[in-house]
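Below is one structure; the comments refer to it alone.
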Amino acid sequence: MLKTLLATAVVAMTAFTGANPAAAAGPGGFARNLRDTPTVSFIAARTPTLAPFAHVKFCMQNPAECKKSSGSSVIAMTSYRESQLKRVNSSVNRSVRAVNDSSATDGGDVWQVSGGSGDCEDFALIKRKRLIAMGWSPRALRIAVARTGSGEGHAVLVVKTSRGDLVLDNRTAAIRNWKNTDLRWVKIQSGDNPRIWYNI
């Protein structure tokens with residue numbers, strides 16, 4: 001009798017709400033949806049650390065590039081924003097000639113935000129400047145220092161988005177989540193103040 005009453009109640013509720021019982025979200029349904037949803041992942045900035053010395057010199061020479069930032073710390077990614085990001089990444093990668101200046105005799109590594117040639121951090125700085133000029137929040141655009149799979153020191157632009165931290169690397173046109181690169185992360189700028197750096 002009790003089973004009959006319960007079955008009748010379920011049928012009545014289904015007819016009343018128009019819900020399809022097979023599509024109803026029970027505990028199993030929620031778990032399945034969570035498994036299918038991609039995980040959004042951000043780099044965890046840990047303890048404060050020294051900024052790269054060449055970046056300190058860069059900020060002294062370019063104070064406007066290193067001022068405290070305002071705006072959103074996370075960019076809401078839309079198809080339009082995604083196309084801007086891809087365009088800037090590939091454009092800078094094609095137009096700037098890669099040159100390693102760390103062995104230069106005139107003071108070593110020099111970070112610069114303009115010019116037709118430069119090394120990895122120059123690519124990152126130019127991309128950051130172009131995105132800011134397009135209206136992107138400076139707080140979401142941070143330079144990070146890492147090591148490549150071969151152990152070489154490297155710098156990239158990390159963009160904090162609603163899809164996680166995305167990496168713009170001068171070695172590839174592909175824009176990847178920070179976890180899906182060959183990089184071993186060392187340190188990253190603060191979004192609020194580019195002069196402050198953190199261990200990763």
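Chain labels run A, B, ... following the order of the structure tokens; each chain numbers its residues from 1, and ligands are numbered from 1 in the order shown.
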For segment 164-171 of chain A, work out the shell of residues within 10 Å, counting only C-alpha atoms and skipping chain neighbours fewer than 2 positions away, then give it as a ChimeraX atom specification. /A:39-43,74-75,77,85-86,88-90,92-94,96,98,119-124,127-128,140-144,154-162,173-181
Those same residues, written as a tab-separated table (two decimals), in the first residue's frame with N, CA and C atoms?
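What ended up in part-v9.tsv:
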```tsv
chain	number	residue	atom	x	y	z
A	39	THR	N	38.13	22.04	-14.39
A	39	THR	CA	38.56	22.71	-13.18
A	39	THR	C	39.28	24.01	-13.52
A	40	VAL	N	38.88	25.09	-12.85
A	40	VAL	CA	39.56	26.37	-13.01
A	40	VAL	C	40.70	26.40	-12.01
A	41	SER	N	41.91	26.67	-12.49
A	41	SER	CA	43.09	26.58	-11.64
A	41	SER	C	43.93	27.85	-11.74
A	42	PHE	N	44.35	28.34	-10.57
A	42	PHE	CA	45.17	29.54	-10.51
A	42	PHE	C	46.51	29.24	-9.83
A	43	ILE	N	47.54	29.97	-10.22
A	43	ILE	CA	48.84	29.86	-9.58
A	43	ILE	C	48.73	30.38	-8.15
A	74	VAL	N	40.53	39.41	-12.22
A	74	VAL	CA	40.22	38.25	-13.08
A	74	VAL	C	39.46	38.75	-14.30
A	75	ILE	N	39.93	38.38	-15.49
A	75	ILE	CA	39.27	38.75	-16.74
A	75	ILE	C	38.18	37.72	-17.05
A	77	MET	N	36.43	35.71	-19.44
A	77	MET	CA	36.76	35.31	-20.81
A	77	MET	C	35.51	35.14	-21.65
A	85	LEU	N	43.33	37.88	-27.13
A	85	LEU	CA	44.48	37.25	-26.50
A	85	LEU	C	45.31	36.49	-27.53
A	86	LYS	N	44.64	35.72	-28.38
A	86	LYS	CA	45.35	34.96	-29.41
A	86	LYS	C	46.04	35.89	-30.41
A	88	VAL	N	47.11	39.05	-29.94
A	88	VAL	CA	48.27	39.72	-29.34
A	88	VAL	C	49.43	38.73	-29.19
A	89	ASN	N	49.14	37.53	-28.72
A	89	ASN	CA	50.21	36.55	-28.52
A	89	ASN	C	50.91	36.22	-29.83
A	90	SER	N	50.15	35.90	-30.87
A	90	SER	CA	50.78	35.52	-32.13
A	90	SER	C	51.43	36.72	-32.82
A	92	VAL	N	52.84	39.46	-31.42
A	92	VAL	CA	54.13	39.79	-30.78
A	92	VAL	C	55.15	38.70	-31.06
A	93	ASN	N	54.73	37.44	-31.00
A	93	ASN	CA	55.67	36.34	-31.27
A	93	ASN	C	56.26	36.43	-32.67
A	94	ARG	N	55.45	36.89	-33.63
A	94	ARG	CA	55.92	37.01	-35.02
A	94	ARG	C	56.75	38.27	-35.26
A	96	VAL	N	58.48	40.35	-33.03
A	96	VAL	CA	59.69	40.61	-32.23
A	96	VAL	C	60.69	39.49	-32.49
A	98	ALA	N	63.66	37.17	-31.53
A	98	ALA	CA	64.20	36.64	-30.26
A	98	ALA	C	65.71	36.79	-30.21
A	119	ASP	N	64.44	39.36	-25.52
A	119	ASP	CA	64.30	37.98	-25.07
A	119	ASP	C	62.96	37.79	-24.37
A	120	CYS	N	62.80	36.66	-23.70
A	120	CYS	CA	61.48	36.22	-23.26
A	120	CYS	C	60.72	37.25	-22.42
A	121	GLU	N	61.40	37.93	-21.50
A	121	GLU	CA	60.67	38.89	-20.67
A	121	GLU	C	60.23	40.11	-21.47
A	122	ASP	N	60.98	40.45	-22.52
A	122	ASP	CA	60.57	41.57	-23.37
A	122	ASP	C	59.29	41.23	-24.13
A	123	PHE	N	59.19	39.99	-24.61
A	123	PHE	CA	57.96	39.53	-25.25
A	123	PHE	C	56.78	39.69	-24.27
A	124	ALA	N	57.00	39.24	-23.03
A	124	ALA	CA	55.94	39.28	-22.02
A	124	ALA	C	55.53	40.72	-21.71
A	127	LYS	N	53.50	42.19	-24.66
A	127	LYS	CA	52.14	41.63	-24.68
A	127	LYS	C	51.28	42.28	-23.59
A	128	ARG	N	51.85	42.45	-22.42
A	128	ARG	CA	51.13	43.10	-21.31
A	128	ARG	C	50.71	44.51	-21.70
A	140	ALA	N	45.24	41.77	-13.81
A	140	ALA	CA	45.12	40.38	-14.27
A	140	ALA	C	46.29	39.95	-15.14
A	141	LEU	N	47.25	40.86	-15.37
A	141	LEU	CA	48.38	40.59	-16.28
A	141	LEU	C	49.68	40.61	-15.50
A	142	ARG	N	50.26	39.44	-15.27
A	142	ARG	CA	51.45	39.34	-14.44
A	142	ARG	C	52.58	38.61	-15.16
A	143	ILE	N	53.79	39.07	-14.94
A	143	ILE	CA	54.97	38.37	-15.46
A	143	ILE	C	55.36	37.28	-14.46
A	144	ALA	N	55.70	36.12	-14.98
A	144	ALA	CA	56.17	35.03	-14.12
A	144	ALA	C	57.50	34.52	-14.64
A	154	HIS	N	63.31	31.31	-17.85
A	154	HIS	CA	62.32	31.77	-18.83
A	154	HIS	C	61.33	32.69	-18.14
A	155	ALA	N	60.73	33.62	-18.90
A	155	ALA	CA	59.69	34.51	-18.39
A	155	ALA	C	58.52	34.51	-19.36
A	156	VAL	N	57.32	34.58	-18.82
A	156	VAL	CA	56.10	34.57	-19.64
A	156	VAL	C	55.09	35.54	-19.04
A	157	LEU	N	54.08	35.86	-19.83
A	157	LEU	CA	52.94	36.63	-19.31
A	157	LEU	C	51.86	35.65	-18.87
A	158	VAL	N	51.37	35.82	-17.65
A	158	VAL	CA	50.29	35.00	-17.12
A	158	VAL	C	49.05	35.89	-17.01
A	159	VAL	N	47.95	35.44	-17.62
A	159	VAL	CA	46.71	36.21	-17.62
A	159	VAL	C	45.70	35.47	-16.75
A	160	LYS	N	45.24	36.16	-15.71
A	160	LYS	CA	44.28	35.55	-14.78
A	160	LYS	C	42.87	35.73	-15.35
A	161	THR	N	42.22	34.62	-15.71
A	161	THR	CA	40.92	34.68	-16.35
A	161	THR	C	39.91	33.78	-15.64
A	162	SER	N	38.67	33.91	-16.06
A	162	SER	CA	37.61	33.05	-15.51
A	162	SER	C	37.82	31.59	-15.89
A	173	ALA	N	52.58	29.63	-30.26
A	173	ALA	CA	51.36	30.42	-30.49
A	173	ALA	C	50.21	29.91	-29.63
A	174	ALA	N	50.35	28.70	-29.09
A	174	ALA	CA	49.30	28.11	-28.27
A	174	ALA	C	49.24	28.81	-26.92
A	175	ILE	N	48.02	29.10	-26.46
A	175	ILE	CA	47.81	29.68	-25.13
A	175	ILE	C	47.30	28.56	-24.25
A	176	ARG	N	48.07	28.27	-23.20
A	176	ARG	CA	47.76	27.10	-22.37
A	176	ARG	C	47.50	27.49	-20.92
A	177	ASN	N	46.75	26.63	-20.24
A	177	ASN	CA	46.61	26.76	-18.79
A	177	ASN	C	47.98	26.55	-18.16
A	178	TRP	N	48.26	27.25	-17.07
A	178	TRP	CA	49.59	27.20	-16.46
A	178	TRP	C	50.02	25.78	-16.09
A	179	LYS	N	49.08	24.90	-15.82
A	179	LYS	CA	49.44	23.52	-15.44
A	179	LYS	C	49.79	22.67	-16.65
A	180	ASN	N	49.42	23.13	-17.84
A	180	ASN	CA	49.63	22.34	-19.06
A	180	ASN	C	50.81	22.83	-19.89
A	181	THR	N	51.85	23.28	-19.22
A	181	THR	CA	53.07	23.72	-19.90
A	181	THR	C	54.23	22.85	-19.42
```
Could you give me, as a PDB file with C-alpha atoms, in the first residue's frame, the residues within 7 Å of Pro138 of chain A, counting only C-alpha atoms and dropping anything in the same chain fewer than 5 positions from it?
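Contents of selection-v8.pdb, freshly written:
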```pdb
ATOM      1  CA  SER A  69      47.136  48.570 -10.515  1.00  0.00           C
ATOM      2  CA  SER A  70      43.400  48.993 -10.417  1.00  0.00           C
ATOM      3  CA  ILE A 132      46.370  47.088 -21.330  1.00  0.00           C
TER       4      ILE A 132
END
```
Write out as a PyMOL selection string the residues lying within 7 Å of Ala146 of chain A, counting only C-alpha atoms and excluding same-chain residues fewer than 4 positions away. chain A and resi 153-155+183-187
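Straight-line separation from atom CA of Glu82 of chain A to atom CA of Ala133 of chain A: 15.8 Å.
Picture a line from atom CA of Gln112 of chain A to atom CA of Ile126 of chain A; it runs 8.1 Å.
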May I have all residues of segment 89-187 of chain A that DSSP, computed from the backbone, assigns to strand (DSSP E), given as a PyMOL selection string? chain A and resi 97-98+117-118+141-147+153-161+164-168+176-177+184-187
Quick one: residues within 9 Å of Gln84 of chain A, only C-alpha atoms counted, chain neighbours fewer than 5 positions away excluded, as a PDB file with all heavy atoms, in the first residue's frame?
```pdb
ATOM      1  N   SER A  79      34.371  35.014 -26.086  1.00  0.00           N
ATOM      2  CA  SER A  79      34.999  34.661 -27.360  1.00  0.00           C
ATOM      3  C   SER A  79      35.767  35.864 -27.921  1.00  0.00           C
ATOM      4  O   SER A  79      36.823  35.703 -28.530  1.00  0.00           O
ATOM      5  CB  SER A  79      33.957  34.169 -28.362  1.00  0.00           C
ATOM      6  OG  SER A  79      32.954  35.138 -28.545  1.00  0.00           O
ATOM      7  N   ASN A  89      49.142  37.529 -28.716  1.00  0.00           N
ATOM      8  CA  ASN A  89      50.206  36.547 -28.521  1.00  0.00           C
ATOM      9  C   ASN A  89      50.914  36.219 -29.832  1.00  0.00           C
ATOM     10  O   ASN A  89      52.142  36.275 -29.920  1.00  0.00           O
ATOM     11  CB  ASN A  89      49.632  35.271 -27.901  1.00  0.00           C
ATOM     12  CG  ASN A  89      50.694  34.300 -27.456  1.00  0.00           C
ATOM     13  OD1 ASN A  89      51.593  34.649 -26.708  1.00  0.00           O
ATOM     14  ND2 ASN A  89      50.602  33.069 -27.913  1.00  0.00           N
ATOM     15  N   LEU A 131      47.847  44.520 -24.314  1.00  0.00           N
ATOM     16  CA  LEU A 131      46.558  44.144 -23.744  1.00  0.00           C
ATOM     17  C   LEU A 131      45.980  45.276 -22.891  1.00  0.00           C
ATOM     18  O   LEU A 131      44.772  45.545 -22.939  1.00  0.00           O
ATOM     19  CB  LEU A 131      46.679  42.849 -22.932  1.00  0.00           C
ATOM     20  CG  LEU A 131      46.885  41.580 -23.774  1.00  0.00           C
ATOM     21  CD1 LEU A 131      47.319  40.411 -22.898  1.00  0.00           C
ATOM     22  CD2 LEU A 131      45.628  41.227 -24.563  1.00  0.00           C
ATOM     23  N   MET A 134      44.345  47.729 -24.930  1.00  0.00           N
ATOM     24  CA  MET A 134      43.052  47.258 -25.441  1.00  0.00           C
ATOM     25  C   MET A 134      41.978  47.266 -24.356  1.00  0.00           C
ATOM     26  O   MET A 134      40.851  46.836 -24.598  1.00  0.00           O
ATOM     27  CB  MET A 134      43.200  45.834 -25.994  1.00  0.00           C
ATOM     28  CG  MET A 134      44.115  45.730 -27.191  1.00  0.00           C
ATOM     29  SD  MET A 134      44.477  43.999 -27.559  1.00  0.00           S
ATOM     30  CE  MET A 134      43.801  43.844 -29.189  1.00  0.00           C
TER      31      MET A 134
END
```
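Here the question is which of A:Thr78, A:Ser95, A:Asn193, A:Thr49 gets nearest to Gly115 of chain A using only C-alpha atoms, and that residue is A:Ser95.
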Counting only C-alpha atoms, what is within 10 Å of Pro48 of chain A, bar same-chain residues fewer than 3 positions away, as a ChimeraX atom specification? /A:45,51,187-190,196-200
Written file, previous selection with N, CA and C atoms, as a compact mmCIF listing (two decimals), in the first residue's frame:
```txt
# COMPACT_ATOMS: atom_id res chain seq x y z
N ALA A 45 50.37 32.13 -5.28
CA ALA A 45 51.51 32.96 -4.86
C ALA A 45 51.74 32.69 -3.38
N ALA A 51 62.33 40.62 -6.32
CA ALA A 51 62.05 40.74 -7.75
C ALA A 51 63.34 40.49 -8.51
N LYS A 187 58.69 32.21 -9.63
CA LYS A 187 58.12 33.38 -8.97
C LYS A 187 57.20 34.13 -9.90
N ILE A 188 56.34 34.97 -9.31
CA ILE A 188 55.36 35.73 -10.09
C ILE A 188 55.11 37.08 -9.45
N GLN A 189 54.77 38.06 -10.30
CA GLN A 189 54.43 39.39 -9.81
C GLN A 189 53.11 39.37 -9.04
N SER A 190 52.97 40.36 -8.18
CA SER A 190 51.68 40.64 -7.57
C SER A 190 50.80 41.32 -8.60
N ILE A 196 56.15 44.03 -6.53
CA ILE A 196 56.19 42.97 -5.51
C ILE A 196 56.10 41.61 -6.20
N TRP A 197 56.96 40.69 -5.77
CA TRP A 197 57.00 39.35 -6.36
C TRP A 197 56.82 38.30 -5.26
N TYR A 198 56.33 37.13 -5.68
CA TYR A 198 56.08 36.02 -4.76
C TYR A 198 56.68 34.73 -5.30
N ASN A 199 57.14 33.89 -4.37
CA ASN A 199 57.52 32.52 -4.74
C ASN A 199 56.25 31.76 -5.13
N ILE A 200 56.43 30.81 -6.02
CA ILE A 200 55.31 29.95 -6.41
C ILE A 200 55.54 28.56 -5.83
```
